[in-house]
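*Asks:* Just so it is clear, I am handing over input_20.cif, which has mmCIF, C-alpha atoms.
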data_data
loop_
_atom_site.label_atom_id
_atom_site.label_comp_id
_atom_site.auth_asym_id
_atom_site.auth_seq_id
_atom_site.Cartn_x
_atom_site.Cartn_y
_atom_site.Cartn_z
CA MET A 1 53.56 66.13 61.05
CA ARG A 2 54.75 64.93 57.67
CA GLY A 3 52.26 64.08 54.96
CA ILE A 4 51.85 60.64 53.38
CA LEU A 5 52.59 59.78 49.75
CA TYR A 6 49.96 57.69 47.95
CA GLY A 7 50.58 56.04 44.57
CA VAL A 8 47.10 55.90 43.12
CA GLY A 9 46.29 53.54 40.24
CA VAL A 10 43.50 55.23 38.27
CA GLY A 11 42.82 52.33 35.90
CA PRO A 12 43.27 52.26 32.13
CA GLY A 13 41.50 55.51 31.25
CA ASP A 14 37.77 55.22 31.96
CA CYS A 15 36.81 57.13 35.11
CA LYS A 16 34.27 54.41 35.93
CA MET A 17 37.18 52.02 36.45
CA LEU A 18 38.46 54.03 39.41
CA THR A 19 38.12 52.14 42.68
CA LEU A 20 36.21 53.52 45.65
CA GLN A 21 39.53 53.64 47.53
CA ALA A 22 41.19 55.66 44.76
CA VAL A 23 38.32 58.17 44.83
CA GLU A 24 38.58 58.41 48.62
CA VAL A 25 42.32 59.07 48.52
CA LEU A 26 42.01 61.62 45.71
CA LYS A 27 39.33 63.53 47.61
CA MET A 28 41.36 63.47 50.82
CA ALA A 29 44.73 64.42 49.28
CA ASP A 30 45.96 68.00 49.49
CA VAL A 31 48.20 67.81 46.46
CA ILE A 32 47.99 65.78 43.23
CA ALA A 33 51.30 64.75 41.66
CA VAL A 34 51.21 63.95 37.95
CA PRO A 35 53.91 62.30 35.87
CA ASP A 36 54.70 64.69 33.03
CA THR A 37 54.51 62.10 30.20
CA LYS A 38 52.31 60.98 27.31
CA GLY A 39 49.84 59.49 29.77
CA GLU A 40 49.54 62.65 31.82
CA LYS A 41 46.47 64.14 30.15
CA THR A 42 44.65 60.81 30.24
CA ALA A 43 45.36 60.27 33.94
CA MET A 44 44.30 63.84 34.76
CA LYS A 45 41.09 63.42 32.78
CA VAL A 46 40.21 60.23 34.68
CA VAL A 47 40.43 62.00 38.03
CA GLU A 48 39.37 65.55 37.14
CA GLU A 49 36.01 65.29 38.90
CA TYR A 50 37.72 64.61 42.23
CA ILE A 51 40.64 67.05 42.20
CA LYS A 52 39.02 70.36 41.37
CA ASP A 53 40.84 73.33 42.96
CA LYS A 54 43.62 71.06 44.28
CA GLU A 55 47.24 71.98 43.93
CA VAL A 56 48.93 70.00 41.14
CA VAL A 57 52.64 69.21 41.00
CA TYR A 58 54.03 68.13 37.63
CA CYS A 59 56.84 65.60 37.93
CA PRO A 60 59.30 65.49 35.02
CA MET A 61 59.33 61.98 33.55
CA PRO A 62 61.13 62.03 30.20
CA MET A 63 60.26 59.15 27.85
CA THR A 64 63.82 57.86 27.72
CA ARG A 65 65.76 54.71 28.55
CA ASP A 66 68.84 56.68 29.60
CA SER A 67 69.31 55.57 33.23
CA ASP A 68 71.23 58.70 34.27
CA LEU A 69 68.57 60.99 32.85
CA LEU A 70 65.81 58.93 34.49
CA GLU A 71 67.54 58.93 37.86
CA LYS A 72 68.02 62.68 37.65
CA SER A 73 64.35 63.29 36.86
CA HIS A 74 63.23 60.94 39.63
CA GLY A 75 65.40 62.98 42.01
CA ILE A 76 63.73 66.20 40.87
CA SER A 77 60.25 64.68 41.27
CA CYS A 78 61.07 63.42 44.74
CA ASN A 79 62.29 66.87 45.79
CA LEU A 80 59.04 68.43 44.55
CA ILE A 81 56.98 65.85 46.45
CA GLU A 82 59.15 66.10 49.58
CA GLU A 83 58.55 69.84 49.70
CA GLN A 84 54.81 69.16 50.02
CA LEU A 85 55.13 66.29 52.51
CA LEU A 86 57.31 68.45 54.77
CA LYS A 87 54.48 71.01 54.87
CA GLY A 88 52.29 68.20 56.22
CA LYS A 89 50.38 67.81 52.98
CA ASN A 90 49.21 64.43 51.72
CA VAL A 91 50.23 63.82 48.13
CA ALA A 92 48.41 61.54 45.65
CA PHE A 93 50.63 60.58 42.72
CA ILE A 94 48.30 59.43 39.94
CA THR A 95 49.31 56.68 37.55
CA LEU A 96 47.40 54.95 34.72
CA GLY A 97 46.49 51.31 35.35
CA ASP A 98 48.00 49.81 38.50
CA PRO A 99 51.04 51.34 40.25
CA THR A 100 52.93 48.02 40.41
CA ILE A 101 52.76 47.37 36.63
CA TYR A 102 55.27 49.36 34.54
CA SER A 103 54.70 52.57 36.44
CA THR A 104 57.26 55.28 37.08
CA TYR A 105 55.64 55.81 40.44
CA MET A 106 57.40 52.82 42.01
CA ASN A 107 60.79 54.51 41.46
CA ILE A 108 59.54 57.55 43.32
CA GLN A 109 58.03 55.41 46.06
CA ARG A 110 61.31 53.52 46.58
CA ILE A 111 63.29 56.73 46.97
CA MET A 112 60.71 58.26 49.34
CA ASP A 113 60.68 55.04 51.39
CA GLU A 114 64.46 55.25 51.71
CA LYS A 115 64.13 58.86 52.82
CA GLY A 116 61.87 57.65 55.63
CA TYR A 117 58.50 58.88 54.40
CA ILE A 118 55.31 56.86 54.72
CA THR A 119 54.09 55.62 51.33
CA ARG A 120 50.98 53.66 50.37
CA THR A 121 50.04 51.91 47.14
CA ILE A 122 46.42 52.12 45.95
CA PRO A 123 45.83 49.33 43.39
CA GLY A 124 44.06 49.92 40.09
CA VAL A 125 42.59 47.95 37.18
CA THR A 126 45.34 47.01 34.71
CA SER A 127 45.04 47.81 31.02
CA PHE A 128 45.55 44.14 30.12
CA CYS A 129 42.61 42.96 32.25
CA ALA A 130 40.43 45.74 30.85
CA SER A 131 41.54 44.83 27.30
CA ALA A 132 40.65 41.18 27.77
CA GLY A 133 37.35 42.37 29.23
CA ALA A 134 36.67 44.57 26.19
CA LEU A 135 37.38 41.53 23.99
CA ASN A 136 35.20 39.40 26.30
CA ILE A 137 37.91 36.73 26.52
CA SER A 138 39.73 35.02 29.38
CA LEU A 139 43.42 35.74 29.97
CA CYS A 140 44.13 32.56 31.89
CA ASP A 141 42.12 29.61 33.12
CA ARG A 142 42.91 26.62 35.38
CA GLY A 143 46.54 25.54 34.77
CA GLU A 144 47.34 28.19 32.14
CA ALA A 145 50.19 30.62 32.79
CA LEU A 146 50.00 34.29 31.78
CA HIS A 147 53.05 36.18 30.51
CA ILE A 148 53.12 39.98 30.47
CA ILE A 149 55.79 41.10 28.02
CA PRO A 150 57.02 44.67 27.42
CA ALA A 151 57.10 44.31 23.64
CA SER A 152 59.29 47.27 22.80
CA TYR A 153 62.35 45.99 24.66
CA GLY A 154 63.41 43.06 22.43
CA GLU A 155 63.28 39.41 23.57
CA THR A 156 59.62 39.32 22.57
CA GLU A 157 60.15 36.67 19.94
CA GLU A 158 61.64 34.04 22.27
CA LEU A 159 58.98 34.70 24.91
CA LEU A 160 56.30 33.91 22.32
CA ASP A 161 57.38 30.27 22.58
CA LEU A 162 56.16 30.06 26.19
CA LYS A 163 53.06 28.01 26.91
CA GLY A 164 50.09 30.04 28.13
CA THR A 165 48.67 33.43 27.18
CA LYS A 166 51.06 36.18 26.15
CA VAL A 167 50.19 39.87 26.59
CA LEU A 168 52.35 42.24 24.55
CA MET A 169 52.33 45.66 26.23
CA LYS A 170 52.95 49.01 24.55
CA SER A 171 53.52 47.34 21.23
CA GLY A 172 52.58 50.42 19.16
CA LYS A 173 55.93 51.28 17.57
CA SER A 174 57.01 47.66 17.10
CA LEU A 175 53.72 46.51 15.59
CA ALA A 176 55.00 45.66 12.12
CA ASP A 177 57.82 43.52 13.59
CA ILE A 178 55.44 41.86 16.05
CA LYS A 179 53.05 40.88 13.27
CA VAL A 180 55.91 39.22 11.37
CA ALA A 181 57.04 37.36 14.51
CA LEU A 182 53.51 36.18 15.28
CA LYS A 183 53.12 34.87 11.72
CA ARG A 184 56.46 33.06 11.91
CA LYS A 185 55.38 31.36 15.15
CA GLY A 186 51.95 30.41 13.77
CA LEU A 187 50.29 32.60 16.44
CA TYR A 188 48.93 35.39 14.26
CA GLN A 189 45.41 34.01 14.03
CA TYR A 190 45.26 33.60 17.83
CA SER A 191 46.12 37.27 18.41
CA ARG A 192 43.77 40.15 19.16
CA MET A 193 44.39 43.77 20.02
CA VAL A 194 42.89 46.65 21.96
CA GLU A 195 44.04 50.20 21.29
CA CYS A 196 43.61 52.99 23.89
CA CYS A 197 41.68 50.68 26.22
CA GLY A 198 39.16 52.49 28.41
CA MET A 199 39.77 55.79 26.64
CA GLU A 200 37.33 57.66 24.41
CA ASN A 201 39.08 56.42 21.28
CA GLN A 202 39.23 52.74 22.36
CA ARG A 203 39.30 50.29 19.47
CA VAL A 204 38.87 46.53 19.73
CA TYR A 205 40.37 44.31 17.01
CA LYS A 206 39.35 40.65 16.87
CA SER A 207 41.95 40.10 14.15
CA LEU A 208 45.31 41.79 13.56
CA ASP A 209 44.38 42.09 9.88
CA GLU A 210 42.28 45.12 10.83
CA VAL A 211 45.18 46.84 12.62
CA SER A 212 47.32 49.47 10.88
CA ASP A 213 51.05 49.44 11.62
CA ASP A 214 51.06 52.96 13.08
CA SER A 215 48.74 52.29 16.01
CA SER A 216 48.90 54.05 19.35
CA TYR A 217 51.51 53.67 22.09
CA PHE A 218 48.61 52.36 24.20
CA SER A 219 48.19 49.11 22.25
CA ILE A 220 47.81 45.73 23.89
CA ILE A 221 48.04 42.48 21.97
CA ILE A 222 46.69 39.31 23.57
CA VAL A 223 48.05 36.07 22.14
CA LYS A 224 46.17 32.95 23.19
CA ASP A 225 47.68 29.47 22.94
CA LYS A 226 47.08 27.53 19.74
CA MET B 1 13.45 41.70 26.01
CA ARG B 2 16.16 39.43 27.30
CA GLY B 3 18.37 40.54 30.17
CA ILE B 4 22.13 41.05 29.96
CA LEU B 5 24.73 38.97 31.80
CA TYR B 6 27.52 40.92 33.51
CA GLY B 7 30.68 39.29 34.85
CA VAL B 8 31.64 41.61 37.67
CA GLY B 9 35.17 41.60 39.09
CA VAL B 10 34.85 42.65 42.73
CA GLY B 11 38.58 42.87 43.47
CA PRO B 12 40.58 40.77 45.94
CA GLY B 13 38.31 41.09 48.98
CA ASP B 14 38.29 44.66 50.26
CA CYS B 15 35.05 46.44 49.36
CA LYS B 16 37.00 49.66 48.85
CA MET B 17 38.70 48.01 45.88
CA LEU B 18 35.41 47.76 43.98
CA THR B 19 35.34 50.01 40.93
CA LEU B 20 32.65 52.66 40.41
CA GLN B 21 31.48 50.66 37.39
CA ALA B 22 31.15 47.47 39.44
CA VAL B 23 29.05 49.33 42.04
CA GLU B 24 26.87 50.78 39.27
CA VAL B 25 26.25 47.36 37.70
CA LEU B 26 25.55 45.71 41.07
CA LYS B 27 23.00 48.40 41.95
CA MET B 28 21.35 48.12 38.53
CA ALA B 29 21.23 44.31 38.34
CA ASP B 30 18.03 42.44 39.18
CA VAL B 31 19.72 39.20 40.12
CA ILE B 32 23.13 38.43 41.65
CA ALA B 33 24.75 35.15 40.59
CA VAL B 34 27.36 33.74 42.95
CA PRO B 35 29.78 30.89 42.31
CA ASP B 36 29.20 28.33 45.03
CA THR B 37 32.87 27.84 46.00
CA LYS B 38 35.37 28.69 48.70
CA GLY B 39 35.47 32.30 47.52
CA GLU B 40 31.69 32.68 47.67
CA LYS B 41 31.38 34.17 51.13
CA THR B 42 34.21 36.59 50.50
CA ALA B 43 32.74 37.82 47.20
CA MET B 44 29.29 38.19 48.80
CA LYS B 45 30.76 40.16 51.69
CA VAL B 46 32.52 42.57 49.33
CA VAL B 47 29.26 43.48 47.59
CA GLU B 48 26.73 43.08 50.42
CA GLU B 49 26.12 46.81 50.76
CA TYR B 50 24.91 47.04 47.16
CA ILE B 51 22.77 43.94 46.78
CA LYS B 52 20.44 44.11 49.75
CA ASP B 53 17.05 42.53 49.00
CA LYS B 54 18.21 41.31 45.57
CA GLU B 55 17.50 37.83 44.35
CA VAL B 56 20.59 35.62 44.59
CA VAL B 57 21.25 32.58 42.41
CA TYR B 58 23.88 30.13 43.62
CA CYS B 59 25.82 28.50 40.79
CA PRO B 60 27.36 25.10 41.58
CA MET B 61 31.13 25.27 41.01
CA PRO B 62 32.78 22.22 42.54
CA MET B 63 36.47 22.62 43.37
CA THR B 64 37.55 19.85 41.04
CA ARG B 65 39.75 19.35 38.00
CA ASP B 66 37.45 16.71 36.53
CA SER B 67 36.49 18.21 33.13
CA ASP B 68 33.24 16.28 32.82
CA LEU B 69 32.09 17.33 36.26
CA LEU B 70 33.06 20.95 35.58
CA GLU B 71 31.27 20.99 32.24
CA LYS B 72 28.16 19.56 33.85
CA SER B 73 28.13 22.18 36.61
CA HIS B 74 28.74 24.99 34.11
CA GLY B 75 25.71 23.71 32.21
CA ILE B 76 23.57 23.80 35.37
CA SER B 77 24.77 27.34 36.18
CA CYS B 78 24.01 28.52 32.66
CA ASN B 79 20.49 27.12 32.86
CA LEU B 80 19.88 28.92 36.15
CA ILE B 81 21.15 32.18 34.67
CA GLU B 82 19.26 31.70 31.40
CA GLU B 83 16.02 31.34 33.32
CA GLN B 84 16.54 34.85 34.73
CA LEU B 85 17.68 36.42 31.44
CA LEU B 86 14.61 35.06 29.67
CA LYS B 87 12.46 36.87 32.24
CA GLY B 88 14.20 40.07 31.10
CA LYS B 89 16.25 40.31 34.29
CA ASN B 90 19.85 41.60 34.24
CA VAL B 91 22.20 39.23 36.04
CA ALA B 92 25.47 40.25 37.74
CA PHE B 93 27.76 37.25 38.26
CA ILE B 94 30.26 38.25 40.95
CA THR B 95 33.81 36.99 40.89
CA LEU B 96 36.80 37.76 43.14
CA GLY B 97 39.61 39.73 41.50
CA ASP B 98 39.23 40.25 37.76
CA PRO B 99 36.93 38.08 35.62
CA THR B 100 39.63 37.36 33.01
CA ILE B 101 42.15 35.96 35.53
CA TYR B 102 41.48 32.36 36.64
CA SER B 103 37.76 32.91 37.02
CA THR B 104 35.05 30.34 36.46
CA TYR B 105 32.88 33.12 35.11
CA MET B 106 34.58 33.08 31.70
CA ASN B 107 33.33 29.52 31.12
CA ILE B 108 29.79 30.67 31.81
CA GLN B 109 30.24 33.74 29.62
CA ARG B 110 31.51 31.66 26.68
CA ILE B 111 28.50 29.33 26.84
CA MET B 112 26.02 32.22 27.17
CA ASP B 113 27.71 34.00 24.24
CA GLU B 114 27.28 30.87 22.15
CA LYS B 115 23.62 30.74 23.17
CA GLY B 116 23.25 34.25 21.74
CA TYR B 117 22.93 36.26 24.96
CA ILE B 118 24.58 39.65 25.46
CA THR B 119 27.42 39.45 27.99
CA ARG B 120 29.68 42.17 29.38
CA THR B 121 32.87 41.94 31.41
CA ILE B 122 33.42 44.44 34.24
CA PRO B 123 37.14 44.48 35.13
CA GLY B 124 38.40 44.33 38.71
CA VAL B 125 41.64 44.74 40.68
CA THR B 126 43.66 41.50 40.60
CA SER B 127 44.90 39.88 43.79
CA PHE B 128 48.48 39.93 42.51
CA CYS B 129 48.47 43.71 41.95
CA ALA B 130 46.88 44.25 45.36
CA SER B 131 49.47 41.91 46.93
CA ALA B 132 52.38 43.81 45.39
CA GLY B 133 50.68 46.99 46.59
CA ALA B 134 50.41 45.63 50.13
CA LEU B 135 54.13 44.79 49.98
CA ASN B 136 54.80 48.23 48.48
CA ILE B 137 56.89 46.69 45.70
CA SER B 138 56.81 46.87 41.92
CA LEU B 139 55.80 43.81 39.89
CA CYS B 140 57.50 44.88 36.68
CA ASP B 141 59.42 47.90 35.50
CA ARG B 142 60.76 49.01 32.09
CA GLY B 143 61.92 45.91 30.15
CA GLU B 144 61.00 43.33 32.85
CA ALA B 145 58.52 40.59 31.99
CA LEU B 146 55.91 39.37 34.50
CA HIS B 147 54.88 35.72 34.68
CA ILE B 148 51.65 34.68 36.42
CA ILE B 149 51.90 31.01 37.32
CA PRO B 150 49.14 28.78 38.74
CA ALA B 151 51.41 27.09 41.27
CA SER B 152 49.26 24.08 42.08
CA TYR B 153 49.30 22.65 38.55
CA GLY B 154 52.94 21.45 38.28
CA GLU B 155 55.45 23.01 35.86
CA THR B 156 56.16 25.69 38.46
CA GLU B 157 59.79 24.70 38.87
CA GLU B 158 60.77 25.16 35.21
CA LEU B 159 58.91 28.47 34.98
CA LEU B 160 60.99 29.79 37.89
CA ASP B 161 63.94 29.90 35.47
CA LEU B 162 62.28 32.62 33.40
CA LYS B 163 63.73 36.12 33.56
CA GLY B 164 61.44 38.71 35.15
CA THR B 165 59.09 38.63 38.13
CA LYS B 166 57.22 35.42 38.89
CA VAL B 167 53.85 35.44 40.69
CA LEU B 168 52.82 32.06 42.13
CA MET B 169 49.04 32.00 42.48
CA LYS B 170 47.03 29.87 44.90
CA SER B 171 50.15 28.28 46.25
CA GLY B 172 48.63 27.36 49.62
CA LYS B 173 48.67 23.57 49.44
CA SER B 174 51.97 23.35 47.56
CA LEU B 175 53.79 25.75 49.85
CA ALA B 176 56.31 23.28 51.29
CA ASP B 177 57.29 22.09 47.79
CA ILE B 178 57.50 25.65 46.49
CA LYS B 179 59.83 26.67 49.31
CA VAL B 180 62.17 23.78 48.43
CA ALA B 181 62.10 24.71 44.72
CA LEU B 182 62.80 28.38 45.46
CA LYS B 183 65.77 27.42 47.63
CA ARG B 184 67.15 25.12 44.94
CA LYS B 185 66.92 27.93 42.38
CA GLY B 186 68.53 30.47 44.72
CA LEU B 187 65.34 32.55 44.66
CA TYR B 188 64.13 32.02 48.22
CA GLN B 189 65.51 35.29 49.57
CA TYR B 190 63.89 37.23 46.72
CA SER B 191 60.43 35.84 47.53
CA ARG B 192 57.65 37.47 49.52
CA MET B 193 54.10 36.43 50.24
CA VAL B 194 50.67 37.87 50.92
CA GLU B 195 47.95 35.69 52.42
CA CYS B 196 44.24 36.55 52.05
CA CYS B 197 45.04 39.83 50.30
CA GLY B 198 42.42 42.53 50.86
CA MET B 199 40.51 40.37 53.34
CA GLU B 200 40.14 40.97 57.05
CA ASN B 201 42.79 38.37 57.85
CA GLN B 202 45.35 39.65 55.32
CA ARG B 203 48.96 38.91 56.25
CA VAL B 204 52.04 40.34 54.57
CA TYR B 205 55.30 38.36 54.74
CA LYS B 206 58.51 40.09 53.70
CA SER B 207 60.34 36.76 54.08
CA LEU B 208 59.11 33.20 53.52
CA ASP B 209 60.81 32.25 56.81
CA GLU B 210 57.76 33.70 58.60
CA VAL B 211 55.30 31.59 56.59
CA SER B 212 53.89 28.33 57.92
CA ASP B 213 53.44 25.50 55.41
CA ASP B 214 49.67 25.26 55.97
CA SER B 215 48.80 28.74 54.77
CA SER B 216 45.56 29.69 53.04
CA TYR B 217 44.37 28.81 49.55
CA PHE B 218 44.48 32.57 48.93
CA SER B 219 48.27 32.85 49.09
CA ILE B 220 50.30 34.77 46.55
CA ILE B 221 54.09 34.52 46.34
CA ILE B 222 55.98 37.19 44.45
CA VAL B 223 59.47 36.19 43.29
CA LYS B 224 61.64 39.06 42.09
CA ASP B 225 64.69 38.53 39.88
CA LYS B 226 68.03 38.06 41.62
#
Starting from the coordinates I provided, produce the structure as structure tokens.

*Replies:*
Amino acid sequence: MRGILYGVGVGPGDCKMLTLQAVEVLKMADVIAVPDTKGEKTAMKVVEEYIKDKEVVYCPMPMTRDSDLLEKSHGISCNLIEEQLLKGKNVAFITLGDPTIYSTYMNIQRIMDEKGYITRTIPGVTSFCASAGALNISLCDRGEALHIIPASYGETEELLDLKGTKVLMKSGKSLADIKVALKRKGLYQYSRMVECCGMENQRVYKSLDEVSDDSSYFSIIIVKDK
Amino acid sequence: MRGILYGVGVGPGDCKMLTLQAVEVLKMADVIAVPDTKGEKTAMKVVEEYIKDKEVVYCPMPMTRDSDLLEKSHGISCNLIEEQLLKGKNVAFITLGDPTIYSTYMNIQRIMDEKGYITRTIPGVTSFCASAGALNISLCDRGEALHIIPASYGETEELLDLKGTKVLMKSGKSLADIKVALKRKGLYQYSRMVECCGMENQRVYKSLDEVSDDSSYFSIIIVKDK
């Protein structure tokens, strides 16, 4: 019998934010698949207590926007995972945060679905919820909309005009530009940031004045309405 | 010494989606505070294993949009909680999903913060992530934005024009209108729904054709880009 592929959201980086279901699946799985990216070590650290002595498969996930290169590496990852599933082994692919939010896993899952394998998604706590929690502020209330914006892909500036709360994800590299845009829109003083949320080096900034322009890739800016 | 107030996200309704941290706080707390609303029984059911024999405080939370009435009931809830904190008891206020996403808890937390109490937010899995997980689809990938829209407050139709994935929250009562709007925008065939996500009566709809217009308050529609 073929194994099942699980995409396991491990939360933002604090092992206490794992769900009971994630722990159950990690303990049950025969093989742990890990995306070979910047987040890899963090994700592995979150789950290390539950995967001792388990086989680990590293899936190549280059940090690139080149579609051909991405497709090729997804193909390689899927072949590595397929090899395990065909042996009847259950595979848990770990991913930071939640698998449905900016995770490479969903590309893998789509391909494996098409190949006829059984796949399951195990939800996790998102970094933006955990960041708002660390700041002790609400993301959205009553009739307010919430906009999650990948801030390193352009178009951020026009989306800042939307009513409701704006969350700027992975804003690290673009931080200087984002600060300028927020000032231009009169939103700077309504903006807060969390760096490396849930990780050992988490930092919470109640004002962007305290933030240096070379902050981490794992930076989340929350912009409340005026 | 005064107690601490914890806002505990218990996830969408499946007790397996509780985080380890949520379980820890629930076990440690002296008093469980519960919003007295439609979600109450579900939230209580999720945590029942961990709160046996604990004191429970019911906080009045009328399902209304009347600001005065809401403010008054928040005041009553805060007084009930304050009474416990002054006795040195730690209070865990349970809330479905994540506390920072459309939760009444954040109103309580803001007031208790202003009163000088220590408050902590314990993140949870959101219903929209769990719904996408149940559908086995991605919410956002690479440069895609994600828009969370409270669908029963108007303005839904114009927000449907935004690029990226749209999540229509609590769309139960407005379902007939939403279907019409989605058809008009040519988005109907890109829409899926999950009803009562994570609960015993969860239903997953890969097409809105299967959905009756009198579906639950806990209905989440996910609209992918064309």

*Asks:* Can you write out as JSON lines which residues of chain A fall within 7 Å of chain B, alongside each residue's closest atom pair and its distance in Å to one decimal, counting all atoms listed in the file and ordering rows by chain and ascending residue number?

*Replies:*
{"residue": "A:Lys16", "atom": "CA", "partner": "B:Gln21", "partner_atom": "CA", "distance": 4.9}
{"residue": "A:Met17", "atom": "CA", "partner": "B:Thr19", "partner_atom": "CA", "distance": 5.2}
{"residue": "A:Leu18", "atom": "CA", "partner": "B:Thr19", "partner_atom": "CA", "distance": 5.3}
{"residue": "A:Thr19", "atom": "CA", "partner": "B:Thr19", "partner_atom": "CA", "distance": 3.9}
{"residue": "A:Leu20", "atom": "CA", "partner": "B:Lys16", "partner_atom": "CA", "distance": 5.1}
{"residue": "A:Gln21", "atom": "CA", "partner": "B:Lys16", "partner_atom": "CA", "distance": 4.9}
{"residue": "A:Thr100", "atom": "CA", "partner": "B:Ser138", "partner_atom": "CA", "distance": 4.3}
{"residue": "A:Ile101", "atom": "CA", "partner": "B:Cys140", "partner_atom": "CA", "distance": 5.4}
{"residue": "A:Tyr102", "atom": "CA", "partner": "B:Asp141", "partner_atom": "CA", "distance": 4.5}
{"residue": "A:Ser103", "atom": "CA", "partner": "B:Asp141", "partner_atom": "CA", "distance": 6.7}
{"residue": "A:Met106", "atom": "CA", "partner": "B:Ser138", "partner_atom": "CA", "distance": 6.0}
{"residue": "A:Arg120", "atom": "CA", "partner": "B:Asn136", "partner_atom": "CA", "distance": 6.9}
{"residue": "A:Thr121", "atom": "CA", "partner": "B:Gly133", "partner_atom": "CA", "distance": 5.0}
{"residue": "A:Ile122", "atom": "CA", "partner": "B:Gly133", "partner_atom": "CA", "distance": 6.7}
{"residue": "A:Pro123", "atom": "CA", "partner": "B:Ala130", "partner_atom": "CA", "distance": 5.5}
{"residue": "A:Gly124", "atom": "CA", "partner": "B:Val125", "partner_atom": "CA", "distance": 5.7}
{"residue": "A:Val125", "atom": "CA", "partner": "B:Val125", "partner_atom": "CA", "distance": 4.8}
{"residue": "A:Cys129", "atom": "CA", "partner": "B:Pro123", "partner_atom": "CA", "distance": 6.4}
{"residue": "A:Ala130", "atom": "CA", "partner": "B:Pro123", "partner_atom": "CA", "distance": 5.5}
{"residue": "A:Ala132", "atom": "CA", "partner": "B:Thr100", "partner_atom": "CA", "distance": 6.6}
{"residue": "A:Gly133", "atom": "CA", "partner": "B:Thr121", "partner_atom": "CA", "distance": 5.0}
{"residue": "A:Ala134", "atom": "CA", "partner": "B:Thr121", "partner_atom": "CA", "distance": 7.0}
{"residue": "A:Asn136", "atom": "CA", "partner": "B:Thr121", "partner_atom": "CA", "distance": 6.2}
{"residue": "A:Ile137", "atom": "CA", "partner": "B:Thr100", "partner_atom": "CA", "distance": 6.7}
{"residue": "A:Ser138", "atom": "CA", "partner": "B:Thr100", "partner_atom": "CA", "distance": 4.3}
{"residue": "A:Leu139", "atom": "CA", "partner": "B:Thr100", "partner_atom": "CA", "distance": 5.1}
{"residue": "A:Cys140", "atom": "CA", "partner": "B:Ile101", "partner_atom": "CA", "distance": 5.4}
{"residue": "A:Asp141", "atom": "CA", "partner": "B:Tyr102", "partner_atom": "CA", "distance": 4.5}
{"residue": "A:Arg142", "atom": "CA", "partner": "B:Tyr102", "partner_atom": "CA", "distance": 6.0}
{"residue": "A:Gly143", "atom": "CA", "partner": "B:Tyr153", "partner_atom": "CA", "distance": 5.5}
{"residue": "A:Glu144", "atom": "CA", "partner": "B:Pro150", "partner_atom": "CA", "distance": 6.9}
{"residue": "A:Ala145", "atom": "CA", "partner": "B:Ile149", "partner_atom": "CA", "distance": 4.9}
{"residue": "A:Leu146", "atom": "CA", "partner": "B:Ile148", "partner_atom": "CA", "distance": 4.9}
{"residue": "A:His147", "atom": "CA", "partner": "B:His147", "partner_atom": "CA", "distance": 4.6}
{"residue": "A:Ile148", "atom": "CA", "partner": "B:Leu146", "partner_atom": "CA", "distance": 4.9}
{"residue": "A:Ile149", "atom": "CA", "partner": "B:Ala145", "partner_atom": "CA", "distance": 4.8}
{"residue": "A:Pro150", "atom": "CA", "partner": "B:Gly143", "partner_atom": "CA", "distance": 5.7}
{"residue": "A:Tyr153", "atom": "CA", "partner": "B:Gly143", "partner_atom": "CA", "distance": 5.5}

*Asks:* Counting all atoms listed in the file, which of B:Leu160, B:Leu208, B:Met1, B:Met28 gets nearest to B:Lys179?

*Replies:*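 Comparing B:Leu160, B:Leu208, B:Met1, B:Met28 against B:Lys179, the winner is B:Leu208.
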
*Asks:* Residues around (37.0, 36.8, 52.6), cut-off 6 Å, counting only C-alpha atoms - what are they as a list in words?

*Replies:*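 These residues have at least one counted atom within 6 Å: Gly13, Thr42 and Met199 of chain B.
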
*Asks:* Within 7 Å of A:Val204, counting only C-alpha atoms, which residues show up once you throw out same-chain ones fewer than 2 positions away? Write them as a PDB file with C-alpha atoms, keeping the file's coordinate frame, please.

*Replies:*
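Contents of around-v1.pdb, as written:
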ATOM      1  CA  LEU A 135      37.380  41.530  23.990  1.00  0.00           C
ATOM      2  CA  MET A 193      44.390  43.770  20.020  1.00  0.00           C
ATOM      3  CA  VAL A 194      42.890  46.650  21.960  1.00  0.00           C
ATOM      4  CA  GLU A 195      44.040  50.200  21.290  1.00  0.00           C
ATOM      5  CA  GLN A 202      39.230  52.740  22.360  1.00  0.00           C
ATOM      6  CA  LYS A 206      39.350  40.650  16.870  1.00  0.00           C
TER       7      LYS A 206
END

*Asks:* Tell me, in Å to one decimal, how far atom CA of B:Leu96 is from atom CA of B:Ile111.

*Replies:*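 Distance reported for this atom pair: 20.1 Å.
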
*Asks:* Atom CA of A:Glu48 to atom CA of A:Pro35: how many Å, to one decimal?

*Replies:*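 Distance between the two atoms: 15.0 Å.
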
*Asks:* What is the atom CA of A:Ile178-atom CA of A:Lys226 distance in Å, reported with one decimal?

*Replies:*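 Going from atom CA of A:Ile178 over to atom CA of A:Lys226, I get 17.0 Å.
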
*Asks:* Could you check which residues have any atom within 8 Å of (24.2, 33.5, 27.9), counting all atoms listed in the file with coordinates taken straight from the file, and then list them as a VMD selection string?

*Replies:* chain B and resid 5 78 81 to 82 85 108 to 119

*Asks:* What lies within 12 Å of B:Val57 using all atoms listed in the file, ignoring chain neighbours under 3 positions off, as an NGL selection string?

*Replies:* :B and (30-36 or 40 or 44 or 54 or 60 or 76-84 or 91-94)

*Asks:* Select, from A:Tyr6, A:Tyr50, A:Tyr58, A:Phe218, the residue with the minimum atom-to-atom distance to A:Leu175, counting only C-alpha atoms.

*Replies:*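 Answer, going by the shortest atom-to-atom distance: A:Phe218.
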